[in-house]
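Data first, discussion second: the structure below is written as structure tokens.
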Amino acid sequence: MRRKIVAGNWKMNMTPSQAVALAKELIPLVESENVDVVFCVPAIDIVPVVEAVKGTKIAVGAENMYFEDKGAFTGEISAPMLVDAGVKYVILGHSERREYFKEDDVLLNKKVKKAFEAGLTPILCCGETLEQRELGVTLDFIRLQLKSDLAGVTAKQAASMVIAYEPIWAIGTGKTATSDQAEEVCGAIRKLICELYDEATAEAIRIQYGGSVNGGNAAELFAKPDIDGGLVGGASLKADFGKIVNY
Ligand code: PEP
């Protein structure tokens with residue numbers, strides 16, 4: 001049985017003092033014996049939020065990282081820096097990074113491999129645009145993304161990671177994919193993992209759905225056999241996040 005995992009993606013929200021206040025507000029609401037909970041926070045909030053969640057089961061994640069360990073890469077943050085700060089997870093390939101910061105699959109493959117090397121668990125995002133869905137190429141596009149991003153990743157590494165299926169048209173729009181649409185793609189991703197690796201890896205890997213998840217739709221989405229939790233944007237910044245975790 002895979003454990004569900006619900007991760008909040010705070011995006012570029014919350015100053016350090018606001019972040020600590022939000023973490024403290026959410027901690028009692030997201031206590032769960034059955035669900036892994038992650039706060040993925042802006043880089044500057046990592047240290048205070050790690051401190052704020054000390055003594056709880058909540059893990060802290062980063063929203064991005066670079067693939068080099070150190071050096072002349074002004075403005076970037078490395079995997080060893082994140083590990084030293086107490087980070088356990090890192091979101092990679094979010095559609096906002098792919099779109100606004102032109103991150104491509106060659107770069108993401110380097111980041112994914114570096115995350116594993118450093119001992120971080122990647123939450124690797126994939127997902128189609130509305131145009132791609134309407135053209136009927138959703139699964140082809142996601143196969144291409146994941147095959148490229150996972151090149152050189154071992155079965156053992158893949159089994160430990162998280163993939164987030166996030167249809168771009170559902171992110172921050174209030175338009176959630178139906179649970180059947182989400183399950184269709186999450187199931188196809190699991191089949192792809194089986195094809196790239198083996199049955200055991202496909203059974204172990206956790207696949208989240210992300211895109212306007214909230215306290216009202218989480219239960220139906222998470223009841224689907226191939227949906228192992230959610231990556232949550234807007235609703236992770238409020239008490240609703242507690243309802244999602246305790247769906
Ligand atoms: C996200 O940013 O990953 C996301 C799914 O956002 P929202 O929940 O706001 O759609």
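In the structure tokens, each chain is lettered A, B, ... as it comes, each chain's residues begin at 1, and ligands are numbered from 1 in order of appearance.
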
Quiz prompt | Test item: residues lying within 6 Å of ligand 1 with only C-alpha atoms and all ligand atoms, as number ranges by chain | solution = A: 9, 170-172, 210-213, 231-234

Segment 96-208 of chain A near segment 53-73 of chain A within 8 Å: what's each residue's closest atom pair and its distance in Å to one decimal, counting only C-alpha atoms, ordered by chain then ascending residue number, as JSON lines?
{"residue": "A:Lys110", "atom": "CA", "partner": "A:Phe67", "partner_atom": "CA", "distance": 5.9}
{"residue": "A:Lys111", "atom": "CA", "partner": "A:Phe67", "partner_atom": "CA", "distance": 4.7}
{"residue": "A:Lys114", "atom": "CA", "partner": "A:Phe67", "partner_atom": "CA", "distance": 5.6}
{"residue": "A:Ala115", "atom": "CA", "partner": "A:Phe67", "partner_atom": "CA", "distance": 7.8}

Would you export the selected residues with all heavy atoms as a PDB file, in the first residue's frame, please?
ATOM      1  N   LYS A 110      19.086  16.812 -15.416  1.00  0.00           N
ATOM      2  CA  LYS A 110      20.284  17.061 -14.581  1.00  0.00           C
ATOM      3  C   LYS A 110      19.863  17.352 -13.145  1.00  0.00           C
ATOM      4  O   LYS A 110      20.497  16.915 -12.187  1.00  0.00           O
ATOM      5  CB  LYS A 110      21.088  18.244 -15.127  1.00  0.00           C
ATOM      6  CG  LYS A 110      21.760  17.950 -16.455  1.00  0.00           C
ATOM      7  CD  LYS A 110      22.543  19.169 -16.912  1.00  0.00           C
ATOM      8  CE  LYS A 110      23.152  18.937 -18.284  1.00  0.00           C
ATOM      9  NZ  LYS A 110      23.557  20.131 -18.968  1.00  0.00           N
ATOM     10  N   LYS A 111      18.815  18.133 -12.987  1.00  0.00           N
ATOM     11  CA  LYS A 111      18.350  18.484 -11.638  1.00  0.00           C
ATOM     12  C   LYS A 111      17.828  17.245 -10.907  1.00  0.00           C
ATOM     13  O   LYS A 111      18.092  17.073  -9.716  1.00  0.00           O
ATOM     14  CB  LYS A 111      17.246  19.546 -11.719  1.00  0.00           C
ATOM     15  CG  LYS A 111      17.735  20.911 -12.198  1.00  0.00           C
ATOM     16  CD  LYS A 111      16.631  21.940 -12.038  1.00  0.00           C
ATOM     17  CE  LYS A 111      17.119  23.328 -12.442  1.00  0.00           C
ATOM     18  NZ  LYS A 111      16.224  24.400 -11.989  1.00  0.00           N
ATOM     19  N   LYS A 114      20.734  15.136  -9.769  1.00  0.00           N
ATOM     20  CA  LYS A 114      21.455  15.791  -8.664  1.00  0.00           C
ATOM     21  C   LYS A 114      20.656  15.684  -7.360  1.00  0.00           C
ATOM     22  O   LYS A 114      21.226  15.454  -6.292  1.00  0.00           O
ATOM     23  CB  LYS A 114      21.726  17.266  -9.015  1.00  0.00           C
ATOM     24  CG  LYS A 114      22.403  18.051  -7.934  1.00  0.00           C
ATOM     25  CD  LYS A 114      23.701  17.424  -7.421  1.00  0.00           C
ATOM     26  CE  LYS A 114      24.816  17.506  -8.444  1.00  0.00           C
ATOM     27  NZ  LYS A 114      26.122  17.037  -7.888  1.00  0.00           N
ATOM     28  N   ALA A 115      19.353  15.833  -7.446  1.00  0.00           N
ATOM     29  CA  ALA A 115      18.528  15.720  -6.232  1.00  0.00           C
ATOM     30  C   ALA A 115      18.737  14.347  -5.591  1.00  0.00           C
ATOM     31  O   ALA A 115      18.995  14.244  -4.389  1.00  0.00           O
ATOM     32  CB  ALA A 115      17.054  15.941  -6.576  1.00  0.00           C
TER      33      ALA A 115
END

Practice problem: Could you give me the residues within chain A that DSSP places in alpha helix (DSSP H), as a ChimeraX atom specification? | Solution: /A:16-26,46-52,79-85,95-100,105-118,130-135,138-149,155-160,179-196,199-204,218-222,240-245

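Take the candidates A:Ala23, A:Cys194, A:Ile142, A:Ile205 and check each one against Gly242 of chain A using only C-alpha atoms; the shortest distance goes to A:Ala23.
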
Exercise. Would you please give, as a PyMOL selection string, all residues of segment 86-224 of chain A that DSSP assigns to strand (DSSP E) based on the backbone?
Key: chain A and resi 89-92+121-126+162-165+206-210

Let me see the file: selected residues, N, CA, C and O atoms, as a CSV table (one decimal), in the first residue's frame.
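And here is the file that came out, out.csv:
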chain,number,residue,atom,x,y,z
A,89,TYR,N,12.4,17.4,0.4
A,89,TYR,CA,11.8,17.2,-1.0
A,89,TYR,C,12.2,18.4,-1.8
A,89,TYR,O,12.4,19.5,-1.3
A,90,VAL,N,12.1,18.3,-3.1
A,90,VAL,CA,12.3,19.4,-4.0
A,90,VAL,C,11.4,19.3,-5.2
A,90,VAL,O,11.3,18.2,-5.9
A,91,ILE,N,10.6,20.3,-5.4
A,91,ILE,CA,9.7,20.3,-6.6
A,91,ILE,C,10.6,20.7,-7.8
A,91,ILE,O,11.4,21.6,-7.8
A,92,LEU,N,10.5,19.9,-8.8
A,92,LEU,CA,11.3,20.1,-10.1
A,92,LEU,C,10.3,20.1,-11.3
A,92,LEU,O,9.4,19.2,-11.3
A,121,THR,N,14.3,14.0,-2.2
A,121,THR,CA,13.2,13.3,-3.0
A,121,THR,C,12.6,14.3,-3.9
A,121,THR,O,12.0,15.3,-3.5
A,122,PRO,N,12.8,14.1,-5.2
A,122,PRO,CA,12.1,15.0,-6.2
A,122,PRO,C,10.6,14.8,-6.3
A,122,PRO,O,10.1,13.7,-6.2
A,123,ILE,N,9.9,15.9,-6.4
A,123,ILE,CA,8.5,15.9,-6.8
A,123,ILE,C,8.5,16.5,-8.2
A,123,ILE,O,8.7,17.7,-8.4
A,124,LEU,N,8.5,15.6,-9.1
A,124,LEU,CA,8.7,15.9,-10.5
A,124,LEU,C,7.4,16.2,-11.2
A,124,LEU,O,6.5,15.3,-11.2
A,125,CYS,N,7.2,17.4,-11.7
A,125,CYS,CA,5.9,17.8,-12.3
A,125,CYS,C,5.9,17.6,-13.8
A,125,CYS,O,6.9,17.8,-14.5
A,126,CYS,N,4.7,17.2,-14.3
A,126,CYS,CA,4.5,17.1,-15.7
A,126,CYS,C,3.1,17.5,-16.0
A,126,CYS,O,2.3,17.5,-15.0
A,162,VAL,N,8.4,11.1,-6.2
A,162,VAL,CA,7.0,11.5,-6.4
A,162,VAL,C,6.9,12.2,-7.8
A,162,VAL,O,7.7,13.0,-8.1
A,163,ILE,N,5.9,11.8,-8.5
A,163,ILE,CA,5.6,12.5,-9.8
A,163,ILE,C,4.2,13.2,-9.5
A,163,ILE,O,3.3,12.7,-9.0
A,164,ALA,N,4.2,14.5,-9.9
A,164,ALA,CA,3.0,15.3,-9.8
A,164,ALA,C,2.4,15.5,-11.2
A,164,ALA,O,3.1,16.2,-12.0
A,165,TYR,N,1.2,14.9,-11.5
A,165,TYR,CA,0.6,15.2,-12.8
A,165,TYR,C,-0.3,16.5,-12.6
A,165,TYR,O,-1.2,16.6,-11.8
A,206,ARG,N,5.0,7.2,-6.1
A,206,ARG,CA,3.8,7.9,-5.7
A,206,ARG,C,3.5,9.0,-6.7
A,206,ARG,O,4.4,9.8,-7.1
A,207,ILE,N,2.2,9.0,-7.2
A,207,ILE,CA,1.8,9.9,-8.2
A,207,ILE,C,0.7,10.9,-7.7
A,207,ILE,O,-0.3,10.4,-7.2
A,208,GLN,N,1.0,12.1,-7.7
A,208,GLN,CA,0.1,13.1,-7.1
A,208,GLN,C,-0.7,13.7,-8.3
A,208,GLN,O,-0.2,13.8,-9.4
A,209,TYR,N,-1.9,14.2,-8.0
A,209,TYR,CA,-2.6,15.1,-8.9
A,209,TYR,C,-2.5,16.5,-8.4
A,209,TYR,O,-2.6,16.8,-7.2
A,210,GLY,N,-2.3,17.5,-9.3
A,210,GLY,CA,-2.3,18.9,-8.9
A,210,GLY,C,-3.0,19.7,-9.9
A,210,GLY,O,-2.9,19.5,-11.1

Practice problem: Find the spatial neighbours of Asn34 of chain A, counting only C-alpha atoms, within a cut-off of 12 Å - ignore same-chain residues fewer than 5 positions away - and output them as a list in words. | Solution: Met1, Arg2, Arg3, Lys4, Ile5, Val6, Lys57, Asp228, Gly229, Val245, Asn246 and Tyr247 of chain A

Residues from the last selection, all heavy atoms, saved as an mmCIF file, in the first residue's frame:
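Now in selection.cif:
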data_model
loop_
_atom_site.group_PDB
_atom_site.id
_atom_site.type_symbol
_atom_site.label_atom_id
_atom_site.label_comp_id
_atom_site.auth_asym_id
_atom_site.auth_seq_id
_atom_site.Cartn_x
_atom_site.Cartn_y
_atom_site.Cartn_z
ATOM 1 N N MET A 1 0.841 -1.214 0.000
ATOM 2 C CA MET A 1 0.000 0.000 0.000
ATOM 3 C C MET A 1 0.872 1.259 0.000
ATOM 4 O O MET A 1 1.737 1.413 0.858
ATOM 5 C CB MET A 1 -0.875 0.007 1.269
ATOM 6 C CG MET A 1 -2.327 -0.422 1.053
ATOM 7 S SD MET A 1 -3.145 0.363 -0.338
ATOM 8 C CE MET A 1 -3.939 1.755 0.471
ATOM 9 N N ARG A 2 0.628 2.128 -0.957
ATOM 10 C CA ARG A 2 1.391 3.391 -0.976
ATOM 11 C C ARG A 2 0.773 4.377 0.016
ATOM 12 O O ARG A 2 -0.454 4.493 0.092
ATOM 13 C CB ARG A 2 1.335 4.000 -2.378
ATOM 14 C CG ARG A 2 2.085 3.218 -3.424
ATOM 15 C CD ARG A 2 1.949 3.880 -4.777
ATOM 16 N NE ARG A 2 0.574 3.910 -5.248
ATOM 17 C CZ ARG A 2 0.006 2.953 -5.966
ATOM 18 N NH1 ARG A 2 0.699 1.885 -6.303
ATOM 19 N NH2 ARG A 2 -1.245 3.054 -6.352
ATOM 20 N N ARG A 3 1.639 5.100 0.742
ATOM 21 C CA ARG A 3 1.145 6.160 1.632
ATOM 22 C C ARG A 3 0.820 7.389 0.798
ATOM 23 O O ARG A 3 1.572 7.748 -0.101
ATOM 24 C CB ARG A 3 2.258 6.540 2.612
ATOM 25 C CG ARG A 3 2.066 6.025 4.010
ATOM 26 C CD ARG A 3 3.279 6.394 4.841
ATOM 27 N NE ARG A 3 3.119 7.675 5.531
ATOM 28 C CZ ARG A 3 2.394 7.825 6.632
ATOM 29 N NH1 ARG A 3 1.772 6.802 7.164
ATOM 30 N NH2 ARG A 3 2.298 8.999 7.221
ATOM 31 N N LYS A 4 -0.284 8.015 1.119
ATOM 32 C CA LYS A 4 -0.621 9.254 0.411
ATOM 33 C C LYS A 4 0.365 10.350 0.814
ATOM 34 O O LYS A 4 0.884 10.360 1.933
ATOM 35 C CB LYS A 4 -2.035 9.710 0.774
ATOM 36 C CG LYS A 4 -3.124 8.717 0.354
ATOM 37 C CD LYS A 4 -3.727 9.114 -0.976
ATOM 38 C CE LYS A 4 -5.018 8.373 -1.275
ATOM 39 N NZ LYS A 4 -4.858 7.263 -2.240
ATOM 40 N N ILE A 5 0.577 11.268 -0.100
ATOM 41 C CA ILE A 5 1.453 12.409 0.179
ATOM 42 C C ILE A 5 0.791 13.684 -0.340
ATOM 43 O O ILE A 5 0.418 13.760 -1.519
ATOM 44 C CB ILE A 5 2.872 12.193 -0.396
ATOM 45 C CG1 ILE A 5 3.732 13.435 -0.160
ATOM 46 C CG2 ILE A 5 2.862 11.793 -1.868
ATOM 47 C CD1 ILE A 5 5.225 13.191 -0.343
ATOM 48 N N VAL A 6 0.635 14.640 0.542
ATOM 49 C CA VAL A 6 0.043 15.931 0.164
ATOM 50 C C VAL A 6 1.100 17.004 0.389
ATOM 51 O O VAL A 6 1.615 17.162 1.503
ATOM 52 C CB VAL A 6 -1.226 16.225 0.990
ATOM 53 C CG1 VAL A 6 -1.747 17.621 0.682
ATOM 54 C CG2 VAL A 6 -2.312 15.187 0.691
ATOM 55 N N LYS A 57 5.706 15.813 12.222
ATOM 56 C CA LYS A 57 6.064 14.890 11.132
ATOM 57 C C LYS A 57 6.087 15.608 9.783
ATOM 58 O O LYS A 57 6.270 14.991 8.739
ATOM 59 C CB LYS A 57 5.040 13.752 11.085
ATOM 60 C CG LYS A 57 5.132 12.838 12.286
ATOM 61 C CD LYS A 57 4.275 11.602 12.047
ATOM 62 C CE LYS A 57 4.257 10.752 13.287
ATOM 63 N NZ LYS A 57 2.892 10.383 13.687
ATOM 64 N N ASP A 228 -2.093 9.246 -5.595
ATOM 65 C CA ASP A 228 -1.533 9.011 -4.254
ATOM 66 C C ASP A 228 -1.428 10.289 -3.438
ATOM 67 O O ASP A 228 -0.538 10.416 -2.583
ATOM 68 C CB ASP A 228 -0.147 8.367 -4.384
ATOM 69 C CG ASP A 228 -0.177 7.088 -5.208
ATOM 70 O OD1 ASP A 228 -1.097 6.285 -4.977
ATOM 71 O OD2 ASP A 228 0.685 6.904 -6.083
ATOM 72 N N GLY A 229 -2.277 11.263 -3.730
ATOM 73 C CA GLY A 229 -2.243 12.520 -2.991
ATOM 74 C C GLY A 229 -2.211 13.691 -3.945
ATOM 75 O O GLY A 229 -2.501 13.548 -5.139
ATOM 76 N N VAL A 245 -5.588 17.447 3.637
ATOM 77 C CA VAL A 245 -4.783 16.383 4.263
ATOM 78 C C VAL A 245 -5.701 15.358 4.937
ATOM 79 O O VAL A 245 -5.483 14.153 4.855
ATOM 80 C CB VAL A 245 -3.796 16.987 5.288
ATOM 81 C CG1 VAL A 245 -3.125 15.899 6.106
ATOM 82 C CG2 VAL A 245 -2.756 17.839 4.572
ATOM 83 N N ASN A 246 -6.723 15.858 5.601
ATOM 84 C CA ASN A 246 -7.667 14.948 6.310
ATOM 85 C C ASN A 246 -8.917 14.733 5.474
ATOM 86 O O ASN A 246 -10.019 14.788 5.990
ATOM 87 C CB ASN A 246 -8.014 15.541 7.676
ATOM 88 C CG ASN A 246 -6.796 15.583 8.559
ATOM 89 O OD1 ASN A 246 -6.242 14.548 8.913
ATOM 90 N ND2 ASN A 246 -6.333 16.775 8.896
ATOM 91 N N TYR A 247 -8.756 14.486 4.187
ATOM 92 C CA TYR A 247 -9.842 14.411 3.201
ATOM 93 C C TYR A 247 -10.899 13.363 3.563
ATOM 94 O O TYR A 247 -10.644 12.407 4.169
ATOM 95 C CB TYR A 247 -9.255 14.094 1.824
ATOM 96 C CG TYR A 247 -8.540 12.768 1.741
ATOM 97 C CD1 TYR A 247 -9.173 11.629 1.242
ATOM 98 C CD2 TYR A 247 -7.220 12.641 2.183
ATOM 99 C CE1 TYR A 247 -8.512 10.416 1.185
ATOM 100 C CE2 TYR A 247 -6.566 11.434 2.127
ATOM 101 C CZ TYR A 247 -7.210 10.319 1.632
ATOM 102 O OH TYR A 247 -6.552 9.116 1.586
#

Exercise. List the neighbours of segment 14-20 of chain A out to 9 Å using only C-alpha atoms; skip same-chain residues closer than 4 positions along the sequence, and give me the result as number ranges by chain.
Key: A: 10, 24-25, 41-42, 44-49, 51-52, 237

Quiz prompt | All residues 12 Å or closer to Glu184 of chain A, only C-alpha atoms, same chain fewer than 6 positions away omitted, as a ChimeraX atom specification | solution = /A:138-139,165,177-178,190-191,209,221,224-227

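Coordinates place atom CA of Leu107 of chain A at a distance of 11.3 Å from atom CA of Leu150 of chain A.
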